[in-house]
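Note: the block below is upload_11.tsv and it holds TSV, C-alpha atoms (C1' of nucleotides).
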```tsv
chain	number	residue	atom	x	y	z
H	1295	MET	CA	-84.21	82.58	69.49
H	1296	THR	CA	-86.36	85.13	71.21
H	1297	THR	CA	-87.85	86.43	68.04
H	1298	PRO	CA	-91.61	86.83	67.80
H	1299	ASP	CA	-91.39	84.28	65.04
H	1300	ALA	CA	-90.17	81.53	67.32
H	1301	ARG	CA	-92.34	78.84	65.83
H	1302	ALA	CA	-91.37	79.47	62.23
H	1303	THR	CA	-87.77	79.66	63.30
H	1304	GLU	CA	-87.98	76.35	65.04
H	1305	GLU	CA	-89.51	74.66	62.04
H	1306	ASP	CA	-86.75	76.08	59.92
H	1307	LEU	CA	-83.99	74.62	62.03
H	1308	ALA	CA	-83.95	71.30	60.22
H	1309	GLU	CA	-83.98	73.04	56.88
H	1310	ARG	CA	-81.29	75.41	57.93
H	1311	LEU	CA	-79.11	72.52	59.08
H	1312	ALA	CA	-79.82	70.62	55.87
H	1313	ASP	CA	-78.74	73.65	53.92
H	1314	ARG	CA	-75.52	74.02	55.86
H	1315	LEU	CA	-74.65	70.37	55.41
H	1316	HIS	CA	-75.41	70.74	51.74
H	1317	SER	CA	-73.06	73.70	51.41
H	1318	ALA	CA	-70.37	72.01	53.45
H	1319	SER	CA	-70.55	68.99	51.15
H	1320	ILE	CA	-70.26	71.11	48.03
H	1321	HIS	CA	-67.20	72.86	49.40
H	1322	LEU	CA	-65.58	69.71	50.70
H	1323	LEU	CA	-65.91	67.98	47.35
H	1324	ARG	CA	-64.63	70.94	45.41
H	1325	ARG	CA	-61.61	71.11	47.65
H	1326	VAL	CA	-60.87	67.43	47.38
H	1327	ARG	CA	-61.31	67.36	43.62
H	1328	ARG	CA	-58.65	69.99	43.26
H	1329	GLN	CA	-56.13	67.79	44.93
H	1330	ASP	CA	-55.80	66.06	41.64
H	1331	ASP	CA	-55.35	62.38	41.35
H	1332	ALA	CA	-52.07	60.98	40.15
H	1333	ALA	CA	-53.56	57.51	39.95
H	1334	GLY	CA	-56.23	58.72	37.54
H	1335	LEU	CA	-59.17	57.79	39.71
H	1336	SER	CA	-61.88	60.41	39.95
H	1337	ALA	CA	-64.16	60.75	42.94
H	1338	PRO	CA	-67.06	58.80	41.41
H	1339	HIS	CA	-64.73	56.00	40.31
H	1340	LEU	CA	-63.04	55.87	43.67
H	1341	SER	CA	-66.35	55.85	45.47
H	1342	ALA	CA	-67.81	53.04	43.38
H	1343	LEU	CA	-64.66	50.99	43.68
H	1344	SER	CA	-64.75	51.42	47.45
H	1345	VAL	CA	-68.12	49.75	47.56
H	1346	LEU	CA	-66.83	46.72	45.69
H	1347	VAL	CA	-63.71	46.51	47.79
H	1348	PHE	CA	-65.28	46.98	51.20
H	1349	ALA	CA	-68.75	45.56	50.70
H	1350	GLY	CA	-67.87	42.80	48.24
H	1351	PRO	CA	-69.15	41.89	44.76
H	1352	ARG	CA	-72.34	43.51	43.54
H	1353	THR	CA	-74.42	43.60	40.41
H	1354	LEU	CA	-74.33	46.74	38.34
H	1355	GLY	CA	-77.80	47.73	39.44
H	1356	GLU	CA	-76.98	47.24	43.11
H	1357	LEU	CA	-73.86	49.29	42.73
H	1358	ALA	CA	-75.78	52.07	41.01
H	1359	ALA	CA	-78.30	52.09	43.85
H	1360	ALA	CA	-75.56	52.14	46.48
H	1361	GLU	CA	-73.95	55.07	44.73
H	1362	GLN	CA	-77.26	56.80	44.13
H	1363	VAL	CA	-76.90	57.09	40.39
H	1364	ARG	CA	-78.86	55.58	37.51
H	1365	PRO	CA	-77.66	52.38	35.87
H	1366	PRO	CA	-76.43	54.10	32.69
H	1367	SER	CA	-74.14	56.30	34.75
H	1368	MET	CA	-72.73	53.28	36.50
H	1369	THR	CA	-72.25	51.45	33.22
H	1370	ARG	CA	-69.73	54.03	32.11
H	1371	VAL	CA	-67.91	54.10	35.43
H	1372	VAL	CA	-67.61	50.34	35.39
H	1373	GLN	CA	-66.35	50.34	31.81
H	1374	ASN	CA	-63.55	52.67	32.83
H	1375	LEU	CA	-62.67	50.64	35.90
H	1376	GLU	CA	-62.69	47.49	33.81
H	1377	ARG	CA	-60.37	49.04	31.25
H	1378	GLU	CA	-57.97	49.85	34.08
H	1379	GLY	CA	-58.08	46.28	35.30
H	1380	LEU	CA	-59.69	47.26	38.59
H	1381	VAL	CA	-63.00	45.48	38.16
H	1382	GLU	CA	-63.94	42.16	36.62
H	1383	ARG	CA	-67.29	41.06	35.31
H	1384	GLU	CA	-68.69	37.65	36.01
H	1385	ALA	CA	-71.74	36.04	34.57
H	1386	ASP	CA	-74.45	35.25	37.05
H	1387	ALA	CA	-75.25	31.58	36.90
H	1388	ALA	CA	-78.91	31.96	37.68
H	1389	ASP	CA	-79.73	35.04	35.58
H	1390	ARG	CA	-77.71	35.82	32.53
H	1391	ARG	CA	-78.97	39.39	32.32
H	1392	VAL	CA	-77.11	40.52	35.40
H	1393	VAL	CA	-73.53	41.63	35.50
H	1394	ARG	CA	-71.74	40.66	38.66
H	1395	LEU	CA	-68.83	42.97	39.51
H	1396	ARG	CA	-65.78	42.17	41.57
H	1397	ALA	CA	-62.83	44.36	42.51
H	1398	THR	CA	-59.46	42.92	41.51
H	1399	GLU	CA	-56.54	42.48	43.82
H	1400	ARG	CA	-54.83	45.33	42.08
H	1401	ALA	CA	-57.82	47.54	42.90
H	1402	ARG	CA	-57.18	47.16	46.61
H	1403	ARG	CA	-53.69	48.49	46.28
H	1404	ILE	CA	-54.60	51.32	43.93
H	1405	LEU	CA	-57.51	52.26	46.14
H	1406	GLU	CA	-55.34	52.67	49.21
H	1407	GLU	CA	-52.79	54.74	47.35
H	1408	SER	CA	-55.09	57.05	45.50
H	1409	ARG	CA	-57.41	57.53	48.42
H	1410	GLY	CA	-54.44	58.74	50.40
H	1411	ARG	CA	-53.46	61.19	47.71
H	1412	ARG	CA	-56.95	62.45	47.18
H	1413	VAL	CA	-57.87	63.16	50.75
H	1414	ARG	CA	-54.41	64.12	51.90
H	1415	SER	CA	-54.99	67.84	52.30
H	1416	LEU	CA	-58.27	67.29	54.07
H	1417	ALA	CA	-56.63	64.74	56.35
H	1418	ALA	CA	-53.87	67.22	57.14
H	1419	ARG	CA	-56.45	69.71	58.29
H	1420	LEU	CA	-58.24	67.10	60.35
H	1421	ARG	CA	-55.01	66.47	62.24
H	1422	THR	CA	-55.13	70.01	63.56
H	1423	LEU	CA	-58.37	69.30	65.41
H	1424	ASP	CA	-58.60	68.22	69.00
H	1425	ASP	CA	-60.00	64.85	70.02
H	1426	ALA	CA	-63.48	66.14	70.74
H	1427	ASP	CA	-63.82	67.66	67.30
H	1428	VAL	CA	-62.52	64.52	65.65
H	1429	ALA	CA	-65.08	62.52	67.60
H	1430	THR	CA	-67.80	64.90	66.47
H	1431	LEU	CA	-66.87	64.41	62.84
H	1432	GLU	CA	-66.62	60.65	63.24
H	1433	ARG	CA	-70.11	60.58	64.62
H	1434	ALA	CA	-71.33	62.98	61.95
H	1435	ALA	CA	-69.94	60.76	59.21
H	1436	ASP	CA	-71.92	57.85	60.64
H	1437	LEU	CA	-75.07	59.92	60.87
H	1438	LEU	CA	-74.76	61.26	57.35
H	1439	ASP	CA	-74.11	57.83	56.02
H	1440	ALA	CA	-77.28	56.55	57.63
H	1441	LEU	CA	-79.30	59.58	56.54
H	1442	THR	CA	-78.34	59.38	52.92
H	1443	ARG	CA	-78.70	55.66	52.62
H	1444	GLY	CA	-81.83	53.86	51.58
H	1445	GLU	CA	-85.26	55.04	50.47
G	1439	MET	CA	-47.14	59.10	68.99
G	1440	THR	CA	-43.65	58.09	70.03
G	1441	THR	CA	-43.28	54.98	67.96
G	1442	PRO	CA	-43.42	54.88	64.19
G	1443	ASP	CA	-46.36	52.52	64.45
G	1444	ALA	CA	-48.42	54.81	66.59
G	1445	ARG	CA	-47.70	57.67	64.27
G	1446	ALA	CA	-48.70	55.71	61.20
G	1447	THR	CA	-51.90	54.62	62.89
G	1448	GLU	CA	-52.70	58.16	63.85
G	1449	GLU	CA	-52.15	59.34	60.32
G	1450	ASP	CA	-54.37	56.59	59.05
G	1451	LEU	CA	-57.16	57.67	61.34
G	1452	ALA	CA	-57.20	61.13	59.85
G	1453	GLU	CA	-57.13	59.72	56.35
G	1454	ARG	CA	-59.81	57.25	57.14
G	1455	LEU	CA	-62.01	60.00	58.53
G	1456	ALA	CA	-61.27	62.23	55.55
G	1457	ASP	CA	-62.30	59.40	53.27
G	1458	ARG	CA	-65.54	58.82	55.13
G	1459	LEU	CA	-66.44	62.50	55.06
G	1460	HIS	CA	-65.63	62.50	51.37
G	1461	SER	CA	-67.97	59.59	50.71
G	1462	ALA	CA	-70.69	61.07	52.87
G	1463	SER	CA	-70.49	64.31	50.91
G	1464	ILE	CA	-70.74	62.54	47.57
G	1465	HIS	CA	-73.81	60.66	48.70
G	1466	LEU	CA	-75.45	63.65	50.31
G	1467	LEU	CA	-75.09	65.72	47.17
G	1468	ARG	CA	-76.34	62.99	44.91
G	1469	ARG	CA	-79.39	62.61	47.09
G	1470	VAL	CA	-80.11	66.30	47.21
G	1471	ARG	CA	-79.62	66.78	43.50
G	1472	ARG	CA	-82.32	64.26	42.79
G	1473	GLN	CA	-84.83	66.31	44.67
G	1474	ASP	CA	-85.00	68.53	41.63
G	1475	ASP	CA	-85.50	72.22	41.79
G	1476	ALA	CA	-88.76	73.76	40.79
G	1477	ALA	CA	-87.33	77.26	41.06
G	1478	GLY	CA	-84.65	76.42	38.52
G	1479	LEU	CA	-81.72	77.06	40.81
G	1480	SER	CA	-79.07	74.36	40.76
G	1481	ALA	CA	-76.84	73.62	43.72
G	1482	PRO	CA	-73.89	75.68	42.48
G	1483	HIS	CA	-76.13	78.64	41.71
G	1484	LEU	CA	-77.86	78.39	45.05
G	1485	SER	CA	-74.58	78.12	46.86
G	1486	ALA	CA	-73.03	81.13	45.15
G	1487	LEU	CA	-76.14	83.19	45.69
G	1488	SER	CA	-76.09	82.30	49.37
G	1489	VAL	CA	-72.69	83.86	49.72
G	1490	LEU	CA	-73.88	87.12	48.24
G	1491	VAL	CA	-77.03	87.14	50.33
G	1492	PHE	CA	-75.48	86.20	53.65
G	1493	ALA	CA	-71.98	87.61	53.37
G	1494	GLY	CA	-72.77	90.67	51.29
G	1495	PRO	CA	-71.44	92.00	47.97
G	1496	ARG	CA	-68.27	90.44	46.57
G	1497	THR	CA	-66.15	90.72	43.49
G	1498	LEU	CA	-66.29	87.89	41.01
G	1499	GLY	CA	-62.86	86.67	42.04
G	1500	GLU	CA	-63.74	86.70	45.71
G	1501	LEU	CA	-66.91	84.79	45.03
G	1502	ALA	CA	-65.03	82.20	42.98
G	1503	ALA	CA	-62.56	81.77	45.82
G	1504	ALA	CA	-65.33	81.46	48.39
G	1505	GLU	CA	-66.99	78.82	46.26
G	1506	GLN	CA	-63.72	77.11	45.47
G	1507	VAL	CA	-64.05	77.30	41.72
G	1508	ARG	CA	-61.99	79.09	39.07
G	1509	PRO	CA	-63.07	82.49	37.84
G	1510	PRO	CA	-64.31	81.23	34.45
G	1511	SER	CA	-66.67	78.85	36.18
G	1512	MET	CA	-68.02	81.65	38.31
G	1513	THR	CA	-68.42	83.90	35.30
G	1514	ARG	CA	-70.95	81.51	33.87
G	1515	VAL	CA	-72.83	81.09	37.13
G	1516	VAL	CA	-73.06	84.85	37.56
G	1517	GLN	CA	-74.29	85.32	34.00
G	1518	ASN	CA	-77.13	82.95	34.71
G	1519	LEU	CA	-78.00	84.60	38.00
G	1520	GLU	CA	-77.91	87.98	36.33
G	1521	ARG	CA	-80.22	86.83	33.58
G	1522	GLU	CA	-82.65	85.72	36.27
G	1523	GLY	CA	-82.49	89.12	37.94
G	1524	LEU	CA	-80.94	87.68	41.09
G	1525	VAL	CA	-77.59	89.44	40.90
G	1526	GLU	CA	-76.55	92.92	39.84
G	1527	ARG	CA	-73.15	94.10	38.70
G	1528	GLU	CA	-71.68	97.37	39.88
G	1529	ALA	CA	-68.56	99.10	38.72
G	1530	ASP	CA	-65.86	99.46	41.31
G	1531	ALA	CA	-64.94	103.12	41.71
G	1532	ALA	CA	-61.30	102.50	42.50
G	1533	ASP	CA	-60.51	99.71	40.04
G	1534	ARG	CA	-62.44	99.44	36.85
G	1535	ARG	CA	-61.30	95.90	36.17
G	1536	VAL	CA	-63.27	94.38	39.00
G	1537	VAL	CA	-66.90	93.38	38.88
G	1538	ARG	CA	-68.73	93.92	42.12
G	1539	LEU	CA	-71.71	91.62	42.61
G	1540	ARG	CA	-74.77	92.20	44.73
G	1541	ALA	CA	-77.78	89.97	45.37
G	1542	THR	CA	-81.10	91.60	44.53
G	1543	GLU	CA	-84.05	91.81	46.85
G	1544	ARG	CA	-85.79	89.24	44.75
G	1545	ALA	CA	-82.86	86.88	45.31
G	1546	ARG	CA	-83.55	86.79	49.03
G	1547	ARG	CA	-87.07	85.58	48.49
G	1548	ILE	CA	-86.18	83.07	45.80
G	1549	LEU	CA	-83.34	81.77	47.92
G	1550	GLU	CA	-85.58	80.99	50.85
G	1551	GLU	CA	-88.12	79.23	48.68
G	1552	SER	CA	-85.83	77.14	46.56
G	1553	ARG	CA	-83.54	76.22	49.39
G	1554	GLY	CA	-86.52	74.74	51.15
G	1555	ARG	CA	-87.48	72.70	48.14
G	1556	ARG	CA	-84.01	71.45	47.48
G	1557	VAL	CA	-83.14	70.23	50.91
G	1558	ARG	CA	-86.62	69.17	51.92
G	1559	SER	CA	-86.09	65.43	51.96
G	1560	LEU	CA	-82.83	65.76	53.81
G	1561	ALA	CA	-84.48	68.08	56.32
G	1562	ALA	CA	-87.26	65.55	56.83
G	1563	ARG	CA	-84.71	62.94	57.76
G	1564	LEU	CA	-82.94	65.33	60.10
G	1565	ARG	CA	-86.19	65.81	62.00
G	1566	THR	CA	-86.11	62.14	62.95
G	1567	LEU	CA	-82.88	62.60	64.89
G	1568	ASP	CA	-82.68	63.29	68.60
G	1569	ASP	CA	-81.29	66.55	69.96
G	1570	ALA	CA	-77.83	65.18	70.59
G	1571	ASP	CA	-77.46	64.01	67.01
G	1572	VAL	CA	-78.71	67.30	65.67
G	1573	ALA	CA	-76.18	69.09	67.85
G	1574	THR	CA	-73.45	66.83	66.52
G	1575	LEU	CA	-74.33	67.67	62.95
G	1576	GLU	CA	-74.57	71.38	63.72
G	1577	ARG	CA	-71.11	71.29	65.15
G	1578	ALA	CA	-69.86	69.18	62.25
G	1579	ALA	CA	-71.20	71.68	59.75
G	1580	ASP	CA	-69.25	74.41	61.50
G	1581	LEU	CA	-66.09	72.33	61.56
G	1582	LEU	CA	-66.34	71.34	57.92
G	1583	ASP	CA	-66.98	74.90	56.93
G	1584	ALA	CA	-63.84	76.01	58.71
G	1585	LEU	CA	-61.79	73.10	57.38
G	1586	THR	CA	-62.68	73.65	53.76
G	1587	ARG	CA	-62.29	77.39	53.86
G	1588	GLY	CA	-59.13	79.35	53.34
G	1589	GLU	CA	-55.59	78.53	52.30
O	769	DC	C1'	-44.33	109.62	30.82
O	770	DT	C1'	-43.58	105.19	28.88
O	771	DT	C1'	-42.84	100.52	28.88
O	772	DG	C1'	-43.32	96.03	30.71
O	773	DA	C1'	-45.31	93.00	34.00
O	774	DT	C1'	-49.34	91.83	36.58
O	775	DT	C1'	-54.18	91.29	37.65
O	776	DC	C1'	-59.38	90.85	36.77
O	777	DG	C1'	-62.64	89.08	34.18
O	778	DT	C1'	-64.23	86.95	29.80
O	779	DT	C1'	-64.29	83.87	25.82
O	780	DA	C1'	-63.38	79.54	23.61
O	781	DG	C1'	-63.12	74.88	23.80
O	782	DC	C1'	-62.69	70.58	26.15
O	783	DC	C1'	-63.79	66.78	29.61
O	784	DT	C1'	-66.49	64.46	33.05
O	785	DT	C1'	-70.66	63.12	35.13
O	786	DC	C1'	-75.06	62.91	35.34
O	787	DC	C1'	-79.69	62.26	33.16
O	788	DT	C1'	-83.84	60.28	30.08
O	789	DA	C1'	-85.40	57.55	26.24
O	790	DA	C1'	-84.91	53.79	23.46
O	791	DT	C1'	-82.97	49.22	22.67
O	792	DT	C1'	-81.36	44.42	23.45
O	793	DA	C1'	-81.36	40.26	25.80
O	794	DC	C1'	-83.12	37.42	29.12
O	795	DA	C1'	-86.75	35.89	32.60
O	796	DT	C1'	-91.31	35.26	34.18
O	797	DT	C1'	-96.12	34.67	33.98
O	798	DA	C1'	-100.65	34.10	31.99
N	439	DT	C1'	-96.24	30.26	23.55
N	440	DA	C1'	-97.23	35.10	23.87
N	441	DA	C1'	-97.13	39.07	26.69
N	442	DT	C1'	-95.09	41.49	30.19
N	443	DG	C1'	-91.30	42.72	33.09
N	444	DT	C1'	-86.40	43.51	34.26
N	445	DA	C1'	-81.01	44.17	33.74
N	446	DA	C1'	-77.89	46.45	31.34
N	447	DT	C1'	-76.40	49.09	27.39
N	448	DT	C1'	-76.45	52.64	23.79
N	449	DA	C1'	-77.52	57.27	22.18
N	450	DG	C1'	-77.81	61.84	22.94
N	451	DG	C1'	-77.96	65.99	25.70
N	452	DA	C1'	-77.45	69.24	29.83
N	453	DA	C1'	-74.64	71.04	33.47
N	454	DG	C1'	-70.55	72.28	35.68
N	455	DG	C1'	-65.86	72.10	36.10
N	456	DC	C1'	-61.16	73.06	33.98
N	457	DT	C1'	-57.07	75.35	31.12
N	458	DA	C1'	-55.43	78.47	27.66
N	459	DA	C1'	-55.55	82.66	25.52
N	460	DC	C1'	-57.09	87.24	25.39
N	461	DG	C1'	-58.45	92.37	26.28
N	462	DA	C1'	-58.65	95.96	29.51
N	463	DA	C1'	-56.96	98.20	33.47
N	464	DT	C1'	-53.48	98.85	36.91
N	465	DC	C1'	-48.95	99.10	38.88
N	466	DA	C1'	-43.93	99.62	39.03
N	467	DA	C1'	-39.38	101.05	37.07
N	468	DG	C1'	-36.85	103.75	34.75
```
Kindly return the structure encoded in the file as structure tokens.
Amino acid sequence: MTTPDARATEEDLAERLADRLHSASIHLLRRVRRQDDAAGLSAPHLSALSVLVFAGPRTLGELAAAEQVRPPSMTRVVQNLEREGLVEREADAADRRVVRLRATERARRILEESRGRRVRSLAARLRTLDDADVATLERAADLLDALTRGE
Amino acid sequence: MTTPDARATEEDLAERLADRLHSASIHLLRRVRRQDDAAGLSAPHLSALSVLVFAGPRTLGELAAAEQVRPPSMTRVVQNLEREGLVEREADAADRRVVRLRATERARRILEESRGRRVRSLAARLRTLDDADVATLERAADLLDALTRGE
DNA sequence: CTTGATTCGTTAGCCTTCCTAATTACATTA
DNA sequence: TAATGTAATTAGGAAGGCTAACGAATCAAG
């Protein structure tokens, strides 16, 4: 970085990194999607179901917020998951407008299986990395999670 | 790594990491997409154009492979970019079937501008990280790029 | 040289996922 | 009790991905 434009370059570093992470995410998702899901769970369905399984029951609106989509988008996802017997709706005692969602026992099994299938080829590639690189990606996953969550 | 248990655990670690990277990518993209693009360049368009700008001219098939989409998908993207005057087609001298694609001068300018807009909020968050975390993400971007490329 | 197989890109048509706007049902507050 | 606000759904549309089928060009055998 010995260019005359050192200041502009420095300011661009964050943007440049953001751009690279953006591209990497696009490519990672496209690769994973191709792996094709025998269990019939697409990435958005899998991701939403994960929230219910690992973080516990949520209302539809909370789930939409966690997944960073609008409620109407989540409505459809939930309808599909419900049809597959992976999610159950419960009435909220205090407020009958809200839909409380809970993953079924079957969902836990399906989730484990289909997650394995979906990310298998990526996981295979990860196994070729040395410990330091794995640690880097572990830490990066944490950081990205924190960065993309909230506000 | 000698016992079946250790091996299974090790395999689970890779899958677990793959799953976390998968989720992080979904959330990152959903966040970035919301930022909305004043220049009218969507993420897939921006990403494809980046390849042509930074890696030089490519055939349509090569570009599709680099972007991990099928040729018909890339055909549409290129048609849009062409209509915007961001990409030019050239005939290949040796093989008249192939379409050689080149980013225009205008594309370079537009790319810089719209990339900034698109990733701005992510970049702002990245600026809050310390140097070590930034370095981690830089390295992770490299690793992910390598992992999702090829084969 | 001719014929058949292959390859590059396009067209056609479908599916999924996301969105905004409008609507319905319930809750809250003035 | 009337007005306002909020949770979820419905309706409708845009974008981006896919496969299948096709035309044009190339390559490989004979």
Check: which chain H residues lie within 9 Å of chain O using all atoms listed in the file, as number ranges by chain: H: 1338, 1363-1364, 1366-1367, 1389-1391
Mind dumping the selected residues with C-alpha atoms as a compact mmCIF listing (two decimals), in the coordinates of the input?
```txt
# COMPACT_ATOMS: atom_id res chain seq x y z
CA PRO H 1338 -67.06 58.80 41.41
CA VAL H 1363 -76.90 57.09 40.39
CA ARG H 1364 -78.86 55.58 37.51
CA PRO H 1366 -76.43 54.10 32.69
CA SER H 1367 -74.14 56.30 34.75
CA ASP H 1389 -79.73 35.04 35.58
CA ARG H 1390 -77.71 35.82 32.53
CA ARG H 1391 -78.97 39.39 32.32
```
Let's have chain H fitted on chain G; use all the C-alpha atoms paired in order for the least-squares step and return it as a compact mmCIF listing (two decimals) with C-alpha atoms, keeping the file's coordinate frame.
```txt
# COMPACT_ATOMS: atom_id res chain seq x y z
CA MET H 1295 -55.23 50.45 68.39
CA THR H 1296 -52.96 47.87 69.88
CA THR H 1297 -51.38 46.96 66.62
CA PRO H 1298 -47.61 46.78 66.39
CA ASP H 1299 -47.94 49.57 63.88
CA ALA H 1300 -49.32 52.02 66.40
CA ARG H 1301 -47.29 54.95 65.20
CA ALA H 1302 -48.20 54.62 61.54
CA THR H 1303 -51.79 54.14 62.55
CA GLU H 1304 -51.77 57.27 64.60
CA GLU H 1305 -50.31 59.32 61.79
CA ASP H 1306 -52.98 57.97 59.51
CA LEU H 1307 -55.83 59.07 61.72
CA ALA H 1308 -56.03 62.54 60.23
CA GLU H 1309 -55.89 61.14 56.74
CA ARG H 1310 -58.45 58.54 57.53
CA LEU H 1311 -60.79 61.19 58.92
CA ALA H 1312 -60.16 63.42 55.92
CA ASP H 1313 -61.07 60.54 53.68
CA ARG H 1314 -64.27 59.82 55.53
CA LEU H 1315 -65.34 63.44 55.42
CA HIS H 1316 -64.53 63.47 51.74
CA SER H 1317 -66.72 60.43 51.10
CA ALA H 1318 -69.51 61.78 53.26
CA SER H 1319 -69.47 65.01 51.27
CA ILE H 1320 -69.63 63.19 47.95
CA HIS H 1321 -72.60 61.15 49.11
CA LEU H 1322 -74.39 64.07 50.69
CA LEU H 1323 -74.13 66.13 47.52
CA ARG H 1324 -75.24 63.31 45.29
CA ARG H 1325 -78.26 62.77 47.47
CA VAL H 1326 -79.20 66.41 47.55
CA ARG H 1327 -78.73 66.87 43.82
CA ARG H 1328 -81.25 64.15 43.17
CA GLN H 1329 -83.89 66.04 45.02
CA ASP H 1330 -84.29 68.06 41.90
CA ASP H 1331 -84.94 71.72 41.96
CA ALA H 1332 -88.28 73.06 40.86
CA ALA H 1333 -86.97 76.60 41.01
CA GLY H 1334 -84.23 75.77 38.53
CA LEU H 1335 -81.36 76.64 40.81
CA SER H 1336 -78.51 74.16 40.83
CA ALA H 1337 -76.24 73.65 43.80
CA PRO H 1338 -73.44 75.89 42.50
CA HIS H 1339 -75.90 78.66 41.65
CA LEU H 1340 -77.62 78.37 44.98
CA SER H 1341 -74.33 78.39 46.82
CA ALA H 1342 -73.01 81.46 45.02
CA LEU H 1343 -76.27 83.31 45.48
CA SER H 1344 -76.18 82.52 49.19
CA VAL H 1345 -72.90 84.35 49.50
CA LEU H 1346 -74.34 87.47 47.92
CA VAL H 1347 -77.48 87.32 49.99
CA PHE H 1348 -75.91 86.60 53.36
CA ALA H 1349 -72.52 88.25 53.04
CA GLY H 1350 -73.53 91.18 50.84
CA PRO H 1351 -72.28 92.49 47.48
CA ARG H 1352 -69.00 91.16 46.15
CA THR H 1353 -66.89 91.48 43.05
CA LEU H 1354 -66.80 88.55 40.69
CA GLY H 1355 -63.29 87.65 41.73
CA GLU H 1356 -64.16 87.74 45.42
CA LEU H 1357 -67.16 85.57 44.81
CA ALA H 1358 -65.09 83.08 42.85
CA ALA H 1359 -62.59 82.92 45.71
CA ALA H 1360 -65.34 82.47 48.29
CA GLU H 1361 -66.78 79.64 46.25
CA GLN H 1362 -63.38 78.15 45.53
CA VAL H 1363 -63.69 78.20 41.77
CA ARG H 1364 -61.80 80.09 39.07
CA PRO H 1365 -63.16 83.36 37.73
CA PRO H 1366 -64.27 81.89 34.39
CA SER H 1367 -66.45 79.39 36.20
CA MET H 1368 -68.03 82.15 38.21
CA THR H 1369 -68.59 84.26 35.12
CA ARG H 1370 -70.96 81.66 33.74
CA VAL H 1371 -72.80 81.18 37.01
CA VAL H 1372 -73.30 84.91 37.33
CA GLN H 1373 -74.53 85.18 33.75
CA ASN H 1374 -77.21 82.62 34.51
CA LEU H 1375 -78.22 84.30 37.75
CA GLU H 1376 -78.35 87.63 35.97
CA ARG H 1377 -80.57 86.22 33.24
CA GLU H 1378 -82.94 85.01 35.95
CA GLY H 1379 -83.03 88.45 37.51
CA LEU H 1380 -81.39 87.24 40.71
CA VAL H 1381 -78.18 89.23 40.49
CA GLU H 1382 -77.41 92.73 39.29
CA ARG H 1383 -74.11 94.12 38.13
CA GLU H 1384 -72.90 97.52 39.17
CA ALA H 1385 -69.93 99.42 37.93
CA ASP H 1386 -67.29 100.11 40.50
CA ALA H 1387 -66.68 103.81 40.72
CA ALA H 1388 -63.01 103.55 41.50
CA ASP H 1389 -62.01 100.73 39.13
CA ARG H 1390 -63.97 100.14 35.99
CA ARG H 1391 -62.52 96.68 35.46
CA VAL H 1392 -64.34 95.17 38.39
CA VAL H 1393 -67.85 93.86 38.34
CA ARG H 1394 -69.71 94.43 41.56
CA LEU H 1395 -72.50 91.90 42.15
CA ARG H 1396 -75.60 92.34 44.24
CA ALA H 1397 -78.44 89.91 44.93
CA THR H 1398 -81.87 91.26 44.03
CA GLU H 1399 -84.83 91.33 46.34
CA ARG H 1400 -86.37 88.57 44.31
CA ALA H 1401 -83.27 86.45 44.95
CA ARG H 1402 -83.96 86.44 48.67
CA ARG H 1403 -87.37 84.97 48.18
CA ILE H 1404 -86.29 82.43 45.58
CA LEU H 1405 -83.35 81.43 47.72
CA GLU H 1406 -85.52 80.62 50.71
CA GLU H 1407 -87.94 78.60 48.63
CA SER H 1408 -85.51 76.61 46.60
CA ARG H 1409 -83.19 75.97 49.49
CA GLY H 1410 -86.10 74.42 51.31
CA ARG H 1411 -86.93 72.19 48.38
CA ARG H 1412 -83.38 71.18 47.78
CA VAL H 1413 -82.44 70.17 51.27
CA ARG H 1414 -85.86 68.93 52.28
CA SER H 1415 -85.08 65.22 52.33
CA LEU H 1416 -81.85 65.77 54.19
CA ALA H 1417 -83.64 68.00 56.68
CA ALA H 1418 -86.27 65.31 57.20
CA ARG H 1419 -83.56 62.86 58.13
CA LEU H 1420 -81.93 65.36 60.46
CA ARG H 1421 -85.20 65.63 62.36
CA THR H 1422 -84.90 61.99 63.33
CA LEU H 1423 -81.72 62.69 65.28
CA ASP H 1424 -81.57 63.43 68.96
CA ASP H 1425 -80.36 66.75 70.32
CA ALA H 1426 -76.82 65.59 70.95
CA ASP H 1427 -76.38 64.42 67.39
CA VAL H 1428 -77.83 67.64 66.03
CA ALA H 1429 -75.40 69.57 68.19
CA THR H 1430 -72.54 67.46 66.87
CA LEU H 1431 -73.47 68.24 63.30
CA GLU H 1432 -73.93 71.93 64.05
CA ARG H 1433 -70.46 72.05 65.47
CA ALA H 1434 -69.09 69.98 62.60
CA ALA H 1435 -70.58 72.38 60.07
CA ASP H 1436 -68.77 75.24 61.79
CA LEU H 1437 -65.51 73.33 61.86
CA LEU H 1438 -65.73 72.32 58.23
CA ASP H 1439 -66.55 75.82 57.22
CA ALA H 1440 -63.46 77.10 58.99
CA LEU H 1441 -61.28 74.30 57.64
CA THR H 1442 -62.22 74.80 54.04
CA ARG H 1443 -62.06 78.54 54.10
CA GLY H 1444 -59.02 80.60 53.28
CA GLU H 1445 -55.53 79.71 52.10
```
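What separates atom CA of Ala1308 of chain H from atom CA of Leu1567 of chain G is a distance of 9.9 Å.
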Proximal residues of chain N relative to chain G (only C-alpha atoms (C1' of nucleotides); 8 Å) as a ChimeraX atom specification: /N:454-456,462-464
Excluding segment 1521-1531 of chain G and any residue of its chain fewer than 2 positions from it, enumerate the residues within 6 Å of it, using all atoms listed in the file, and give them as a CSV table (one decimal) with C-alpha atoms, in the frame of the given file.
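Saved result, around_19.csv, follows:
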```
chain,number,residue,atom,x,y,z
G,1518,ASN,CA,-77.1,83.0,34.7
G,1519,LEU,CA,-78.0,84.6,38.0
G,1533,ASP,CA,-60.5,99.7,40.0
G,1534,ARG,CA,-62.4,99.4,36.8
G,1537,VAL,CA,-66.9,93.4,38.9
G,1538,ARG,CA,-68.7,93.9,42.1
G,1539,LEU,CA,-71.7,91.6,42.6
G,1540,ARG,CA,-74.8,92.2,44.7
G,1541,ALA,CA,-77.8,90.0,45.4
G,1542,THR,CA,-81.1,91.6,44.5
G,1545,ALA,CA,-82.9,86.9,45.3
```
